[in-house]
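Undergrad: Sharing a structure here in structure tokens format.
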Amino acid sequence: MTTAIYAAGAVCWRIVDGKMMVLVIHRTVHGDVTIPKGKVDPGESLPQTAVREILEETGLAVSLGVPVGVANYPLGNGREKIVHYWSAEVSEEAIRRSTFVPNGEVAALEWVTVKRARSYLSYPTDVEILEQFAALVDAGVTSTFAIIALRHGKAMAPSAWDGPDATRPLTVRGVQQAASIVPTIAAWSPRRIVSSTATRCVTTVTPLAVAIGHEIRRSDLISQDAWEDGTSDVRAVVGKRVRARKTAVICSHGPVLPDILREIALATGTTQGSYLSDAAALETGAFSIVHLSLTNPSSGIIAIETHSPRV
């Protein structure tokens, strides 16, 4: 059985003179027009790859938005290539800081309208991804932020710990999980980190806080102790994050996560369903990214994606 080759990229977009424009690249060797993407390096997650490849190919530092599809196609050697795509808004600052010059891989960058891109892209799979992005444009939900619901890393078992439950530390595997999730979560550039006051939660988000330069905001309102004794207030924590409209990480516990997902749905007028319980059923160190509209959060959840730790 042949092994698939995985890659990742993004539909990069910006508004120019009131018009939605997307970025296409003219590749030097292939002589084609395509969407920025590239193969996964060993040890990388797909979101990490997407951000890195866009920076390498275009000189643009971006944060990911919502997922816009997966392209599958056969290669000449008989292997299959599987490419995951997200949307990525390109800021004016990123444009100014771009270091792109024509090179042996990419000859030129070009911003075009979605209509132009439909007939301009060289491959049908790229057009299919573009159409999924265009659906977001038509729905008016291209500008987004995310609430990232994170379950703490693997902790020492209660039976092996003599102190209060809230002080249980992470195991060696839990520490490794905490480090491994940093590059993936960082692909969305979170602006806030909110954690249960439990040691296992605070320790889980500490590497992320150091990497992105944001302090950890501790809250008893999403702790397992408070949830068990009826004093938790998940609604207050989630509501504040929805109102702030900034990408945020909320690190909590397995029993509390269903409430967090449910409150995100309630705060955004989203119809509830089994997809919420699926998104909340996380292994230790895993997280679900809930994408919401930046301009109209009450339009509901746009997408949810779940990622596991790399160890």
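Chain lettering (A, B, ...) mirrors the order of the structure tokens, residue numbering begins at 1 for each chain separately, and ligand numbering begins at 1 in order of display.
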Excluding Ala61 (chain A) and residues on its chain fewer than 6 positions from it, collect all residues at most 8 Å away from it, counting only C-alpha atoms, and give them as a PyMOL selection string.
TA: chain A and resi 51+54-55+90+94+98
Undergrad: List as a JSON list (two decimals) with all heavy atoms, in the first residue's frame the protein and nucleic acid residues near Arg235 (chain A), meaning an atom at most 10 Å away when only C-alpha atoms are counted, but skip any in the same chain fewer than 5 places from it.
TA:
[["chain", "number", "residue", "atom", "x", "y", "z"],
["A", 221, "LEU", "N", -13.85, 29.56, 37.77],
["A", 221, "LEU", "CA", -15.19, 29.35, 37.22],
["A", 221, "LEU", "C", -15.26, 28.19, 36.24],
["A", 221, "LEU", "O", -16.34, 27.68, 35.94],
["A", 221, "LEU", "CB", -15.70, 30.63, 36.54],
["A", 221, "LEU", "CG", -15.79, 31.87, 37.43],
["A", 221, "LEU", "CD1", -16.28, 33.06, 36.63],
["A", 221, "LEU", "CD2", -16.72, 31.60, 38.62],
["A", 222, "ILE", "N", -14.09, 27.77, 35.72],
["A", 222, "ILE", "CA", -14.07, 26.63, 34.80],
["A", 222, "ILE", "C", -13.24, 25.47, 35.36],
["A", 222, "ILE", "O", -12.79, 24.60, 34.62],
["A", 222, "ILE", "CB", -13.55, 27.02, 33.40],
["A", 222, "ILE", "CG1", -12.17, 27.71, 33.50],
["A", 222, "ILE", "CG2", -14.55, 27.90, 32.67],
["A", 222, "ILE", "CD1", -11.50, 27.96, 32.16],
["A", 240, "LYS", "N", -17.73, 36.22, 27.91],
["A", 240, "LYS", "CA", -16.71, 37.26, 27.83],
["A", 240, "LYS", "C", -15.84, 37.09, 26.61],
["A", 240, "LYS", "O", -15.49, 38.06, 25.93],
["A", 240, "LYS", "CB", -15.86, 37.25, 29.11],
["A", 240, "LYS", "CG", -14.85, 38.38, 29.18],
["A", 240, "LYS", "CD", -14.15, 38.40, 30.53],
["A", 240, "LYS", "CE", -13.20, 39.58, 30.63],
["A", 240, "LYS", "NZ", -12.52, 39.63, 31.96],
["A", 241, "ARG", "N", -15.50, 35.85, 26.31],
["A", 241, "ARG", "CA", -14.64, 35.58, 25.14],
["A", 241, "ARG", "C", -15.38, 35.84, 23.83],
["A", 241, "ARG", "O", -14.80, 36.34, 22.87],
["A", 241, "ARG", "CB", -14.13, 34.14, 25.19],
["A", 241, "ARG", "CG", -13.30, 33.84, 26.43],
["A", 241, "ARG", "CD", -11.84, 34.30, 26.33],
["A", 241, "ARG", "NE", -11.58, 35.66, 25.96],
["A", 241, "ARG", "CZ", -11.43, 36.67, 26.82],
["A", 241, "ARG", "NH1", -11.56, 36.47, 28.10],
["A", 241, "ARG", "NH2", -11.13, 37.88, 26.38],
["A", 259, "ASP", "N", -19.90, 21.56, 28.68],
["A", 259, "ASP", "CA", -20.54, 22.83, 29.04],
["A", 259, "ASP", "C", -19.94, 23.99, 28.26],
["A", 259, "ASP", "O", -20.65, 24.91, 27.84],
["A", 259, "ASP", "CB", -20.41, 23.09, 30.54],
["A", 259, "ASP", "CG", -21.31, 22.20, 31.38],
["A", 259, "ASP", "OD1", -22.10, 21.44, 30.79],
["A", 259, "ASP", "OD2", -21.21, 22.26, 32.63],
["A", 260, "ILE", "N", -18.63, 23.96, 28.07],
["A", 260, "ILE", "CA", -17.97, 25.03, 27.31],
["A", 260, "ILE", "C", -18.47, 25.06, 25.88],
["A", 260, "ILE", "O", -18.84, 26.12, 25.35],
["A", 260, "ILE", "CB", -16.44, 24.84, 27.35],
["A", 260, "ILE", "CG1", -15.92, 25.10, 28.77],
["A", 260, "ILE", "CG2", -15.74, 25.77, 26.35],
["A", 260, "ILE", "CD1", -14.44, 24.81, 28.96],
["A", 262, "ARG", "N", -21.28, 23.80, 24.72],
["A", 262, "ARG", "CA", -22.70, 24.15, 24.72],
["A", 262, "ARG", "C", -22.90, 25.65, 24.90],
["A", 262, "ARG", "O", -23.74, 26.27, 24.23],
["A", 262, "ARG", "CB", -23.43, 23.38, 25.82],
["A", 262, "ARG", "CG", -24.94, 23.63, 25.86],
["A", 262, "ARG", "CD", -25.66, 22.60, 26.72],
["A", 262, "ARG", "NE", -25.06, 22.48, 28.05],
["A", 262, "ARG", "CZ", -24.35, 21.42, 28.46],
["A", 262, "ARG", "NH1", -24.15, 20.40, 27.63],
["A", 262, "ARG", "NH2", -23.86, 21.38, 29.68],
["A", 263, "GLU", "N", -22.11, 26.26, 25.78],
["A", 263, "GLU", "CA", -22.26, 27.69, 26.01],
["A", 263, "GLU", "C", -21.80, 28.52, 24.79],
["A", 263, "GLU", "O", -22.35, 29.57, 24.52],
["A", 263, "GLU", "CB", -21.48, 28.11, 27.25],
["A", 263, "GLU", "CG", -22.11, 27.65, 28.56],
["A", 263, "GLU", "CD", -23.53, 28.19, 28.78],
["A", 263, "GLU", "OE1", -23.86, 29.25, 28.23],
["A", 263, "GLU", "OE2", -24.31, 27.52, 29.49],
["A", 264, "ILE", "N", -20.80, 28.03, 24.06],
["A", 264, "ILE", "CA", -20.42, 28.72, 22.82],
["A", 264, "ILE", "C", -21.58, 28.70, 21.84],
["A", 264, "ILE", "O", -21.90, 29.72, 21.20],
["A", 264, "ILE", "CB", -19.17, 28.07, 22.18],
["A", 264, "ILE", "CG1", -17.95, 28.23, 23.09],
["A", 264, "ILE", "CG2", -18.88, 28.69, 20.81],
["A", 264, "ILE", "CD1", -16.72, 27.47, 22.61],
["A", 266, "LEU", "N", -24.81, 28.40, 22.57],
["A", 266, "LEU", "CA", -25.88, 29.26, 23.08],
["A", 266, "LEU", "C", -25.56, 30.73, 22.90],
["A", 266, "LEU", "O", -26.44, 31.54, 22.58],
["A", 266, "LEU", "CB", -26.13, 28.95, 24.56],
["A", 266, "LEU", "CG", -26.78, 27.59, 24.87],
["A", 266, "LEU", "CD1", -26.75, 27.32, 26.38],
["A", 266, "LEU", "CD2", -28.21, 27.55, 24.35],
["A", 267, "ALA", "N", -24.30, 31.08, 23.09],
["A", 267, "ALA", "CA", -23.89, 32.49, 22.99],
["A", 267, "ALA", "C", -23.92, 33.00, 21.55],
["A", 267, "ALA", "O", -23.89, 34.21, 21.32],
["A", 267, "ALA", "CB", -22.49, 32.68, 23.58]]
Undergrad: How would you write, as a list in words, the set of residues in region 224-301 of chain A that DSSP gives as strand (DSSP E)?
TA: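 For region 224-301 of chain A, the strand (DSSP E) set is Ala248, Val249, Ile250, Cys251, Ser252, Phe287, Ser288, Ile289, Val290, His291, Leu292, Ser293 and Ile301 of chain A.
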Undergrad: Please produce an output containing N, CA and C atoms for each residue in the selection, written as a compact mmCIF listing (two decimals), in the first residue's frame.
TA:
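As a result, selection-v7.txt now contains:
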# COMPACT_ATOMS: atom_id res chain seq x y z
N ALA A 248 -9.11 33.03 21.37
CA ALA A 248 -8.72 32.73 22.74
C ALA A 248 -8.68 31.22 22.97
N VAL A 249 -7.82 30.83 23.89
CA VAL A 249 -7.72 29.43 24.33
C VAL A 249 -8.37 29.34 25.70
N ILE A 250 -9.26 28.35 25.87
CA ILE A 250 -9.84 28.06 27.18
C ILE A 250 -9.43 26.65 27.56
N CYS A 251 -8.58 26.52 28.57
CA CYS A 251 -8.08 25.22 28.99
C CYS A 251 -8.83 24.76 30.23
N SER A 252 -9.47 23.59 30.12
CA SER A 252 -10.28 23.09 31.24
C SER A 252 -10.20 21.57 31.30
N PHE A 287 -7.63 19.49 21.45
CA PHE A 287 -8.40 20.73 21.48
C PHE A 287 -9.31 20.83 20.26
N SER A 288 -10.43 21.50 20.45
CA SER A 288 -11.37 21.79 19.37
C SER A 288 -11.38 23.29 19.12
N ILE A 289 -11.26 23.67 17.85
CA ILE A 289 -11.24 25.08 17.46
C ILE A 289 -12.62 25.44 16.92
N VAL A 290 -13.29 26.33 17.60
CA VAL A 290 -14.64 26.74 17.22
C VAL A 290 -14.55 28.09 16.53
N HIS A 291 -14.88 28.12 15.25
CA HIS A 291 -14.75 29.33 14.44
C HIS A 291 -16.04 30.13 14.44
N LEU A 292 -15.91 31.42 14.74
CA LEU A 292 -17.06 32.33 14.83
C LEU A 292 -16.83 33.56 13.96
N SER A 293 -17.92 34.17 13.52
CA SER A 293 -17.83 35.37 12.70
C SER A 293 -17.37 36.56 13.53
N ILE A 301 -21.96 29.18 14.87
CA ILE A 301 -20.67 28.51 14.66
C ILE A 301 -20.49 28.24 13.17
Undergrad: Which residues come within 12 Å of Asp32 (chain A), counting only C-alpha atoms, excluding same-chain residues fewer than 2 positions away, as a list of chain:residue names?
TA: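 Result of the neighbour search: A:Val24, A:Ile25, A:His26, A:Arg27, A:Thr28, A:Val29, A:His30, A:Thr34, A:Ile35, A:Pro36, A:Glu105, A:Val106, A:Ala107, A:Ala108, A:Leu109, A:Tyr120, A:Leu121, A:Ser122, A:Tyr123, A:Asp126.
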Undergrad: Enumerate, as a PDB file with N, CA and C atoms, in the first residue's frame, the complete set of residues in region 46-189 of chain A that a backbone-based DSSP assignment places in helix (DSSP H, G or I).
TA:
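The new file states.pdb reads:
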ATOM      1  N   LEU A  46      -0.469  19.838  10.336  1.00  0.00           N
ATOM      2  CA  LEU A  46      -0.940  20.454   9.091  1.00  0.00           C
ATOM      3  C   LEU A  46      -1.110  21.977   9.211  1.00  0.00           C
ATOM      4  N   PRO A  47      -1.717  22.493  10.286  1.00  0.00           N
ATOM      5  CA  PRO A  47      -1.815  23.952  10.406  1.00  0.00           C
ATOM      6  C   PRO A  47      -0.443  24.632  10.460  1.00  0.00           C
ATOM      7  N   GLN A  48       0.486  24.009  11.157  1.00  0.00           N
ATOM      8  CA  GLN A  48       1.847  24.544  11.234  1.00  0.00           C
ATOM      9  C   GLN A  48       2.466  24.605   9.841  1.00  0.00           C
ATOM     10  N   THR A  49       2.255  23.548   9.054  1.00  0.00           N
ATOM     11  CA  THR A  49       2.765  23.515   7.688  1.00  0.00           C
ATOM     12  C   THR A  49       2.174  24.639   6.852  1.00  0.00           C
ATOM     13  N   ALA A  50       0.867  24.843   6.956  1.00  0.00           N
ATOM     14  CA  ALA A  50       0.204  25.870   6.148  1.00  0.00           C
ATOM     15  C   ALA A  50       0.826  27.240   6.396  1.00  0.00           C
ATOM     16  N   VAL A  51       1.023  27.589   7.666  1.00  0.00           N
ATOM     17  CA  VAL A  51       1.593  28.902   7.999  1.00  0.00           C
ATOM     18  C   VAL A  51       3.031  29.008   7.501  1.00  0.00           C
ATOM     19  N   ARG A  52       3.805  27.965   7.714  1.00  0.00           N
ATOM     20  CA  ARG A  52       5.211  27.989   7.279  1.00  0.00           C
ATOM     21  C   ARG A  52       5.332  28.082   5.768  1.00  0.00           C
ATOM     22  N   GLU A  53       4.555  27.287   5.047  1.00  0.00           N
ATOM     23  CA  GLU A  53       4.659  27.277   3.593  1.00  0.00           C
ATOM     24  C   GLU A  53       4.250  28.618   2.980  1.00  0.00           C
ATOM     25  N   ILE A  54       3.224  29.231   3.537  1.00  0.00           N
ATOM     26  CA  ILE A  54       2.806  30.534   3.023  1.00  0.00           C
ATOM     27  C   ILE A  54       3.907  31.568   3.242  1.00  0.00           C
ATOM     28  N   LEU A  55       4.535  31.510   4.408  1.00  0.00           N
ATOM     29  CA  LEU A  55       5.629  32.437   4.673  1.00  0.00           C
ATOM     30  C   LEU A  55       6.791  32.194   3.711  1.00  0.00           C
ATOM     31  N   GLU A  56       7.127  30.925   3.482  1.00  0.00           N
ATOM     32  CA  GLU A  56       8.252  30.605   2.608  1.00  0.00           C
ATOM     33  C   GLU A  56       7.971  30.946   1.147  1.00  0.00           C
ATOM     34  N   GLU A  57       6.735  30.691   0.706  1.00  0.00           N
ATOM     35  CA  GLU A  57       6.416  30.904  -0.712  1.00  0.00           C
ATOM     36  C   GLU A  57       6.086  32.353  -1.045  1.00  0.00           C
ATOM     37  N   THR A  58       5.493  33.065  -0.090  1.00  0.00           N
ATOM     38  CA  THR A  58       4.998  34.416  -0.385  1.00  0.00           C
ATOM     39  C   THR A  58       5.631  35.512   0.460  1.00  0.00           C
ATOM     40  N   GLU A  92      -2.532  44.374   6.274  1.00  0.00           N
ATOM     41  CA  GLU A  92      -1.692  45.352   5.577  1.00  0.00           C
ATOM     42  C   GLU A  92      -0.277  45.344   6.142  1.00  0.00           C
ATOM     43  N   GLU A  93      -0.158  45.067   7.435  1.00  0.00           N
ATOM     44  CA  GLU A  93       1.175  44.972   8.036  1.00  0.00           C
ATOM     45  C   GLU A  93       1.954  43.810   7.433  1.00  0.00           C
ATOM     46  N   ALA A  94       1.271  42.685   7.219  1.00  0.00           N
ATOM     47  CA  ALA A  94       1.934  41.529   6.606  1.00  0.00           C
ATOM     48  C   ALA A  94       2.390  41.851   5.190  1.00  0.00           C
ATOM     49  N   ILE A  95       1.589  42.606   4.478  1.00  0.00           N
ATOM     50  CA  ILE A  95       1.966  43.029   3.109  1.00  0.00           C
ATOM     51  C   ILE A  95       3.229  43.874   3.170  1.00  0.00           C
ATOM     52  N   ARG A  96       3.261  44.833   4.101  1.00  0.00           N
ATOM     53  CA  ARG A  96       4.414  45.726   4.212  1.00  0.00           C
ATOM     54  C   ARG A  96       5.675  44.966   4.601  1.00  0.00           C
ATOM     55  N   ARG A  97       5.516  43.936   5.426  1.00  0.00           N
ATOM     56  CA  ARG A  97       6.686  43.212   5.927  1.00  0.00           C
ATOM     57  C   ARG A  97       7.129  42.059   5.024  1.00  0.00           C
ATOM     58  N   VAL A 114     -12.158  36.775  -6.892  1.00  0.00           N
ATOM     59  CA  VAL A 114     -12.576  35.371  -6.868  1.00  0.00           C
ATOM     60  C   VAL A 114     -13.035  34.945  -8.257  1.00  0.00           C
ATOM     61  N   LYS A 115     -13.750  35.806  -8.946  1.00  0.00           N
ATOM     62  CA  LYS A 115     -14.229  35.490 -10.299  1.00  0.00           C
ATOM     63  C   LYS A 115     -13.055  35.234 -11.238  1.00  0.00           C
ATOM     64  N   ARG A 116     -12.053  36.083 -11.169  1.00  0.00           N
ATOM     65  CA  ARG A 116     -10.873  35.907 -12.018  1.00  0.00           C
ATOM     66  C   ARG A 116     -10.134  34.623 -11.665  1.00  0.00           C
ATOM     67  N   ALA A 117     -10.025  34.336 -10.379  1.00  0.00           N
ATOM     68  CA  ALA A 117      -9.295  33.153  -9.936  1.00  0.00           C
ATOM     69  C   ALA A 117      -9.938  31.863 -10.449  1.00  0.00           C
ATOM     70  N   ARG A 118     -11.262  31.863 -10.580  1.00  0.00           N
ATOM     71  CA  ARG A 118     -11.953  30.657 -11.049  1.00  0.00           C
ATOM     72  C   ARG A 118     -11.424  30.191 -12.411  1.00  0.00           C
ATOM     73  N   SER A 119     -11.162  31.119 -13.286  1.00  0.00           N
ATOM     74  CA  SER A 119     -10.704  30.759 -14.637  1.00  0.00           C
ATOM     75  C   SER A 119      -9.185  30.806 -14.764  1.00  0.00           C
ATOM     76  N   TYR A 120      -8.536  31.291 -13.732  1.00  0.00           N
ATOM     77  CA  TYR A 120      -7.095  31.532 -13.773  1.00  0.00           C
ATOM     78  C   TYR A 120      -6.299  30.366 -13.207  1.00  0.00           C
ATOM     79  N   PRO A 124      -8.299  21.904 -11.325  1.00  0.00           N
ATOM     80  CA  PRO A 124      -9.684  21.825 -10.841  1.00  0.00           C
ATOM     81  C   PRO A 124      -9.787  21.700  -9.329  1.00  0.00           C
ATOM     82  N   THR A 125      -8.825  21.001  -8.694  1.00  0.00           N
ATOM     83  CA  THR A 125      -8.875  20.861  -7.238  1.00  0.00           C
ATOM     84  C   THR A 125      -8.715  22.204  -6.541  1.00  0.00           C
ATOM     85  N   ASP A 126      -7.900  23.089  -7.118  1.00  0.00           N
ATOM     86  CA  ASP A 126      -7.755  24.430  -6.554  1.00  0.00           C
ATOM     87  C   ASP A 126      -9.066  25.212  -6.689  1.00  0.00           C
ATOM     88  N   VAL A 127      -9.720  25.042  -7.823  1.00  0.00           N
ATOM     89  CA  VAL A 127     -10.993  25.740  -8.041  1.00  0.00           C
ATOM     90  C   VAL A 127     -12.040  25.255  -7.041  1.00  0.00           C
ATOM     91  N   GLU A 128     -12.040  23.955  -6.740  1.00  0.00           N
ATOM     92  CA  GLU A 128     -12.983  23.420  -5.755  1.00  0.00           C
ATOM     93  C   GLU A 128     -12.756  24.042  -4.381  1.00  0.00           C
ATOM     94  N   ILE A 129     -11.501  24.186  -3.995  1.00  0.00           N
ATOM     95  CA  ILE A 129     -11.187  24.833  -2.716  1.00  0.00           C
ATOM     96  C   ILE A 129     -11.618  26.295  -2.746  1.00  0.00           C
ATOM     97  N   LEU A 130     -11.365  26.965  -3.851  1.00  0.00           N
ATOM     98  CA  LEU A 130     -11.777  28.363  -4.001  1.00  0.00           C
ATOM     99  C   LEU A 130     -13.288  28.504  -3.848  1.00  0.00           C
ATOM    100  N   GLU A 131     -14.052  27.558  -4.405  1.00  0.00           N
ATOM    101  CA  GLU A 131     -15.507  27.633  -4.317  1.00  0.00           C
ATOM    102  C   GLU A 131     -15.981  27.499  -2.871  1.00  0.00           C
ATOM    103  N   GLN A 132     -15.290  26.679  -2.090  1.00  0.00           N
ATOM    104  CA  GLN A 132     -15.666  26.564  -0.682  1.00  0.00           C
ATOM    105  C   GLN A 132     -15.366  27.857   0.068  1.00  0.00           C
ATOM    106  N   PHE A 133     -14.272  28.512  -0.309  1.00  0.00           N
ATOM    107  CA  PHE A 133     -13.991  29.825   0.268  1.00  0.00           C
ATOM    108  C   PHE A 133     -15.033  30.842  -0.184  1.00  0.00           C
ATOM    109  N   ALA A 134     -15.413  30.794  -1.466  1.00  0.00           N
ATOM    110  CA  ALA A 134     -16.399  31.731  -2.011  1.00  0.00           C
ATOM    111  C   ALA A 134     -17.738  31.603  -1.282  1.00  0.00           C
ATOM    112  N   ALA A 135     -18.060  30.394  -0.824  1.00  0.00           N
ATOM    113  CA  ALA A 135     -19.300  30.205  -0.067  1.00  0.00           C
ATOM    114  C   ALA A 135     -19.269  30.989   1.237  1.00  0.00           C
ATOM    115  N   LEU A 136     -18.099  31.068   1.861  1.00  0.00           N
ATOM    116  CA  LEU A 136     -17.949  31.880   3.074  1.00  0.00           C
ATOM    117  C   LEU A 136     -18.117  33.360   2.747  1.00  0.00           C
ATOM    118  N   VAL A 137     -17.556  33.776   1.617  1.00  0.00           N
ATOM    119  CA  VAL A 137     -17.689  35.169   1.181  1.00  0.00           C
ATOM    120  C   VAL A 137     -19.157  35.508   0.975  1.00  0.00           C
ATOM    121  N   ASP A 138     -19.866  34.618   0.282  1.00  0.00           N
ATOM    122  CA  ASP A 138     -21.287  34.860   0.001  1.00  0.00           C
ATOM    123  C   ASP A 138     -22.112  34.913   1.279  1.00  0.00           C
ATOM    124  N   ALA A 139     -21.695  34.136   2.284  1.00  0.00           N
ATOM    125  CA  ALA A 139     -22.421  34.114   3.560  1.00  0.00           C
ATOM    126  C   ALA A 139     -22.014  35.265   4.477  1.00  0.00           C
ATOM    127  N   PRO A 158      -5.452  10.276  40.193  1.00  0.00           N
ATOM    128  CA  PRO A 158      -5.844  10.685  41.550  1.00  0.00           C
ATOM    129  C   PRO A 158      -5.381   9.691  42.607  1.00  0.00           C
ATOM    130  N   SER A 159      -5.407   8.402  42.262  1.00  0.00           N
ATOM    131  CA  SER A 159      -5.015   7.377  43.240  1.00  0.00           C
ATOM    132  C   SER A 159      -3.530   7.424  43.586  1.00  0.00           C
ATOM    133  N   ALA A 160      -2.746   8.085  42.709  1.00  0.00           N
ATOM    134  CA  ALA A 160      -1.298   8.162  42.937  1.00  0.00           C
ATOM    135  C   ALA A 160      -0.878   9.495  43.530  1.00  0.00           C
ATOM    136  N   ASP A 165      -6.951  17.455  44.698  1.00  0.00           N
ATOM    137  CA  ASP A 165      -7.062  17.107  43.282  1.00  0.00           C
ATOM    138  C   ASP A 165      -6.569  18.237  42.381  1.00  0.00           C
ATOM    139  N   ALA A 166      -6.838  19.473  42.760  1.00  0.00           N
ATOM    140  CA  ALA A 166      -6.464  20.622  41.918  1.00  0.00           C
ATOM    141  C   ALA A 166      -4.959  20.777  41.774  1.00  0.00           C
ATOM    142  N   THR A 167      -4.193  20.120  42.642  1.00  0.00           N
ATOM    143  CA  THR A 167      -2.731  20.254  42.578  1.00  0.00           C
ATOM    144  C   THR A 167      -2.059  19.084  41.853  1.00  0.00           C
ATOM    145  N   VAL A 172       4.986  12.930  32.643  1.00  0.00           N
ATOM    146  CA  VAL A 172       5.981  13.241  31.620  1.00  0.00           C
ATOM    147  C   VAL A 172       5.304  13.352  30.255  1.00  0.00           C
ATOM    148  N   ARG A 173       4.382  12.439  29.982  1.00  0.00           N
ATOM    149  CA  ARG A 173       3.654  12.498  28.703  1.00  0.00           C
ATOM    150  C   ARG A 173       2.822  13.782  28.614  1.00  0.00           C
ATOM    151  N   GLY A 174       2.218  14.170  29.723  1.00  0.00           N
ATOM    152  CA  GLY A 174       1.437  15.396  29.734  1.00  0.00           C
ATOM    153  C   GLY A 174       2.277  16.619  29.428  1.00  0.00           C
ATOM    154  N   VAL A 175       3.474  16.666  29.974  1.00  0.00           N
ATOM    155  CA  VAL A 175       4.398  17.771  29.698  1.00  0.00           C
ATOM    156  C   VAL A 175       4.773  17.788  28.217  1.00  0.00           C
ATOM    157  N   GLN A 176       5.000  16.596  27.667  1.00  0.00           N
ATOM    158  CA  GLN A 176       5.313  16.496  26.243  1.00  0.00           C
ATOM    159  C   GLN A 176       4.133  16.946  25.386  1.00  0.00           C
ATOM    160  N   GLN A 177       2.930  16.589  25.789  1.00  0.00           N
ATOM    161  CA  GLN A 177       1.738  17.034  25.062  1.00  0.00           C
ATOM    162  C   GLN A 177       1.629  18.557  25.083  1.00  0.00           C
ATOM    163  N   ALA A 178       1.873  19.144  26.243  1.00  0.00           N
ATOM    164  CA  ALA A 178       1.779  20.601  26.379  1.00  0.00           C
ATOM    165  C   ALA A 178       2.732  21.310  25.428  1.00  0.00           C
ATOM    166  N   ALA A 179       3.920  20.749  25.255  1.00  0.00           N
ATOM    167  CA  ALA A 179       4.891  21.351  24.338  1.00  0.00           C
ATOM    168  C   ALA A 179       4.503  21.109  22.888  1.00  0.00           C
ATOM    169  N   SER A 180       3.951  19.921  22.603  1.00  0.00           N
ATOM    170  CA  SER A 180       3.689  19.558  21.205  1.00  0.00           C
ATOM    171  C   SER A 180       2.554  20.335  20.573  1.00  0.00           C
ATOM    172  N   VAL A 182       1.861  23.506  20.965  1.00  0.00           N
ATOM    173  CA  VAL A 182       2.152  24.937  20.800  1.00  0.00           C
ATOM    174  C   VAL A 182       2.172  25.376  19.337  1.00  0.00           C
ATOM    175  N   PRO A 183       2.930  24.724  18.434  1.00  0.00           N
ATOM    176  CA  PRO A 183       2.979  25.224  17.058  1.00  0.00           C
ATOM    177  C   PRO A 183       1.633  25.171  16.343  1.00  0.00           C
ATOM    178  N   THR A 184       0.811  24.180  16.685  1.00  0.00           N
ATOM    179  CA  THR A 184      -0.498  24.073  16.032  1.00  0.00           C
ATOM    180  C   THR A 184      -1.426  25.186  16.492  1.00  0.00           C
ATOM    181  N   ILE A 185      -1.552  25.370  17.796  1.00  0.00           N
ATOM    182  CA  ILE A 185      -2.432  26.435  18.292  1.00  0.00           C
ATOM    183  C   ILE A 185      -1.923  27.803  17.862  1.00  0.00           C
ATOM    184  N   ALA A 186      -0.599  27.970  17.839  1.00  0.00           N
ATOM    185  CA  ALA A 186      -0.015  29.259  17.452  1.00  0.00           C
ATOM    186  C   ALA A 186      -0.368  29.644  16.017  1.00  0.00           C
TER     187      ALA A 186
END
Undergrad: Record the distance separating CA of Ala157 (chain A) and CA of Thr171 (chain A), expressed in Å with one decimal.
TA: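 These two atoms are separated by 9.0 Å.
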Undergrad: Record the distance separating CA of Gly239 (chain A) and CA of Thr306 (chain A), expressed in Å with one decimal.
TA: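 Value for the CA of Gly239 (chain A)-CA of Thr306 (chain A) distance: 21.3 Å.
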Undergrad: Neighbours of Cys12 (chain A) within 8 Å (only C-alpha atoms; same-chain residues fewer than 2 positions away dropped), as an NGL selection string?
TA: :A and (10 or 14 or 22-23 or 87-90)
Undergrad: Using only C-alpha atoms, pick whichever of A:Thr113, A:Thr204, A:Ser189, A:Ser232 has the shortest atom-to-atom distance to Lys154 (chain A).
TA: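 Using only C-alpha atoms, the shortest distance to Lys154 (chain A) belongs to A:Thr204.
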Undergrad: Could you tell me how far CA of His253 (chain A) lies from CA of Leu170 (chain A), in Å and to one decimal?
TA: 13.0 Å
